[in-house]
Amino acid sequence: MADRALKNSKIQVVYNAITEEILGDMAKPGGLKVTGLKLKDAVSGEQRVLPVEGVFLAIGHIPNTDFLKGLVDLDQDGYAVTKPHSTATNVPGLFVAGDAQDRVFRQAITAAGSGCMAAIEAERWLESQEH
């Protein structure tokens with residue numbers, strides 16, 4: 001994907017930049033019209049405005065599961081291994097959801113759904129532990 005983006009004349013790659021603010025005009029019909037990004041250079045600290053007409057937020061494609069290493073079974077790419085059709089891990093009472101286990105969709109909306117699944121499974125597991 002990086003090669004395709006670099007070769008696309010419509011895409012400007014900005015390195016070492018932190019998005020400080022999404023700028024826009026609320027007076028446009030239909031709500032907010034994005035007009036730019038307020039960026040801060042991560043090296044120099046210099047701020048600038050990059051004119052844009054839209055924003056797509058992505059959190060990456062590497063699961064943030066390093067803290068689970070040695071505790072939960074992880075696959076070769078770092079995704080938590082769960083039981084089929086479940087959010088349950090190999091550790092009883094430990095459930096994972098979202099980008100930690102979903103290697104296909106990796107989207108916030110599906111993460112919210114699997115988070116709900118994990119909460120329900122955790123509740124059922126806790127109920128089953130009562131003596």
# chains A, B, ... in the order shown; residues from 1 in each chain; ligands from 1
>>> residues_around(residues="Asp77 in chain A", least_positions_apart="4", cutoff="10 Å", atoms="only C-alpha atoms", output="list in words")
Ile62, Pro63 and Arg103 of chain A
>>> select_by_dssp(residues="chain A", states="helix (DSSP H, G or I)", output="ChimeraX atom specification")
/A:2-7,66-68,98-100,108-129
>>> write_last_selection(atoms="C-alpha atoms", output="compact mmCIF listing (two decimals), in the first residue's frame")
# COMPACT_ATOMS: atom_id res chain seq x y z
CA ALA A 2 2.87 2.37 0.77
CA ASP A 3 4.34 1.95 -2.72
CA ARG A 4 0.97 2.64 -4.33
CA ALA A 5 0.49 5.77 -2.22
CA LEU A 6 3.97 7.09 -3.03
CA LYS A 7 3.37 6.61 -6.76
CA ASP A 66 2.91 -6.98 23.19
CA PHE A 67 1.66 -6.81 26.79
CA LEU A 68 0.00 -10.23 26.27
CA GLY A 98 -11.21 -5.73 18.29
CA ASP A 99 -7.85 -5.23 16.68
CA ALA A 100 -6.18 -7.58 19.16
CA ALA A 108 -13.60 0.46 15.00
CA ILE A 109 -17.20 -0.57 14.40
CA THR A 110 -16.38 -4.29 14.37
CA ALA A 111 -14.13 -3.77 17.39
CA ALA A 112 -17.09 -2.28 19.27
CA GLY A 113 -19.18 -5.32 18.38
CA SER A 114 -16.52 -7.80 19.46
CA GLY A 115 -15.99 -5.75 22.62
CA CYS A 116 -19.66 -6.31 23.41
CA MET A 117 -19.19 -10.04 22.71
CA ALA A 118 -16.22 -10.12 25.11
CA ALA A 119 -18.23 -8.33 27.81
CA ILE A 120 -21.11 -10.81 27.52
CA GLU A 121 -18.73 -13.78 27.53
CA ALA A 122 -16.88 -12.37 30.55
CA GLU A 123 -20.17 -11.90 32.41
CA ARG A 124 -21.23 -15.48 31.64
CA TRP A 125 -17.81 -16.80 32.68
CA LEU A 126 -17.96 -14.89 35.96
CA GLU A 127 -21.47 -16.21 36.66
CA SER A 128 -20.24 -19.76 36.04
CA GLN A 129 -17.51 -19.30 38.66
>>> closest_residue(among="A:Leu74, A:Glu21, A:Lys69, A:Gln101", to="Thr87 in chain A", atoms="only C-alpha atoms")
A:Gln101
>>> atom_distance(atom1="CA of Asp25 in chain A", atom2="CA of Gln107 in chain A")
27.1 Å
>>> select_by_dssp(residues="range 43-109 of chain A", states="strand (DSSP E or B)", output="ChimeraX atom specification")
/A:47-51,74,80,88,95
>>> residues_around(residues="Ile22 in chain A", least_positions_apart="5", cutoff="12 Å", atoms="only C-alpha atoms", output="PyMOL selection string")
chain A and resi 32-39+49-57
>>> write_last_selection(atoms="N, CA and C atoms", output="compact mmCIF listing (two decimals), in the first residue's frame")
# COMPACT_ATOMS: atom_id res chain seq x y z
N LEU A 32 -20.27 19.78 8.96
CA LEU A 32 -18.87 20.16 8.85
C LEU A 32 -18.29 19.86 7.47
N LYS A 33 -17.62 20.83 6.91
CA LYS A 33 -16.84 20.64 5.69
C LYS A 33 -15.39 20.77 6.10
N VAL A 34 -14.63 19.70 5.96
CA VAL A 34 -13.21 19.71 6.32
C VAL A 34 -12.46 20.61 5.36
N THR A 35 -11.62 21.48 5.93
CA THR A 35 -10.84 22.41 5.10
C THR A 35 -9.33 22.22 5.27
N GLY A 36 -8.92 21.57 6.34
CA GLY A 36 -7.48 21.42 6.53
C GLY A 36 -7.13 20.68 7.80
N LEU A 37 -5.84 20.45 7.94
CA LEU A 37 -5.29 19.82 9.14
C LEU A 37 -4.24 20.75 9.73
N LYS A 38 -4.31 20.94 11.03
CA LYS A 38 -3.25 21.67 11.73
C LYS A 38 -2.22 20.62 12.15
N LEU A 39 -1.04 20.72 11.57
CA LEU A 39 0.01 19.72 11.81
C LEU A 39 1.15 20.31 12.62
N VAL A 49 -0.55 24.50 8.49
CA VAL A 49 -1.87 24.03 8.08
C VAL A 49 -1.73 23.40 6.70
N LEU A 50 -2.24 22.18 6.58
CA LEU A 50 -2.25 21.47 5.31
C LEU A 50 -3.68 21.50 4.79
N PRO A 51 -3.94 22.16 3.66
CA PRO A 51 -5.31 22.18 3.13
C PRO A 51 -5.71 20.78 2.64
N VAL A 52 -6.84 20.29 3.13
CA VAL A 52 -7.39 19.01 2.69
C VAL A 52 -8.90 19.14 2.64
N GLU A 53 -9.55 18.22 1.93
CA GLU A 53 -11.01 18.24 1.83
C GLU A 53 -11.66 17.07 2.56
N GLY A 54 -10.86 16.20 3.13
CA GLY A 54 -11.39 15.06 3.85
C GLY A 54 -10.30 14.41 4.68
N VAL A 55 -10.73 13.59 5.64
CA VAL A 55 -9.80 12.91 6.54
C VAL A 55 -10.27 11.48 6.74
N PHE A 56 -9.36 10.54 6.66
CA PHE A 56 -9.64 9.15 7.01
C PHE A 56 -8.67 8.77 8.10
N LEU A 57 -9.18 8.37 9.26
CA LEU A 57 -8.33 8.00 10.38
C LEU A 57 -8.09 6.50 10.36
>>> closest_residue(among="A:Thr82, A:Gly45, A:His61, A:Asn16", to="Val104 in chain A", atoms="only C-alpha atoms")
A:His61
>>> atom_distance(atom1="CA of Gln76 in chain A", atom2="CA of Gly93 in chain A")
23.1 Å
>>> atom_distance(atom1="CA of Arg48 in chain A", atom2="CA of Ser9 in chain A")
21.7 Å
>>> residues_around(residues="Val81 in chain A", least_positions_apart="3", cutoff="9 Å", atoms="only C-alpha atoms", output="list in words")
Val72, Asp73, Leu74, Asp75, Gly78, Thr87, Ala88, Thr89, Asn90, Val96 and Gln101 of chain A
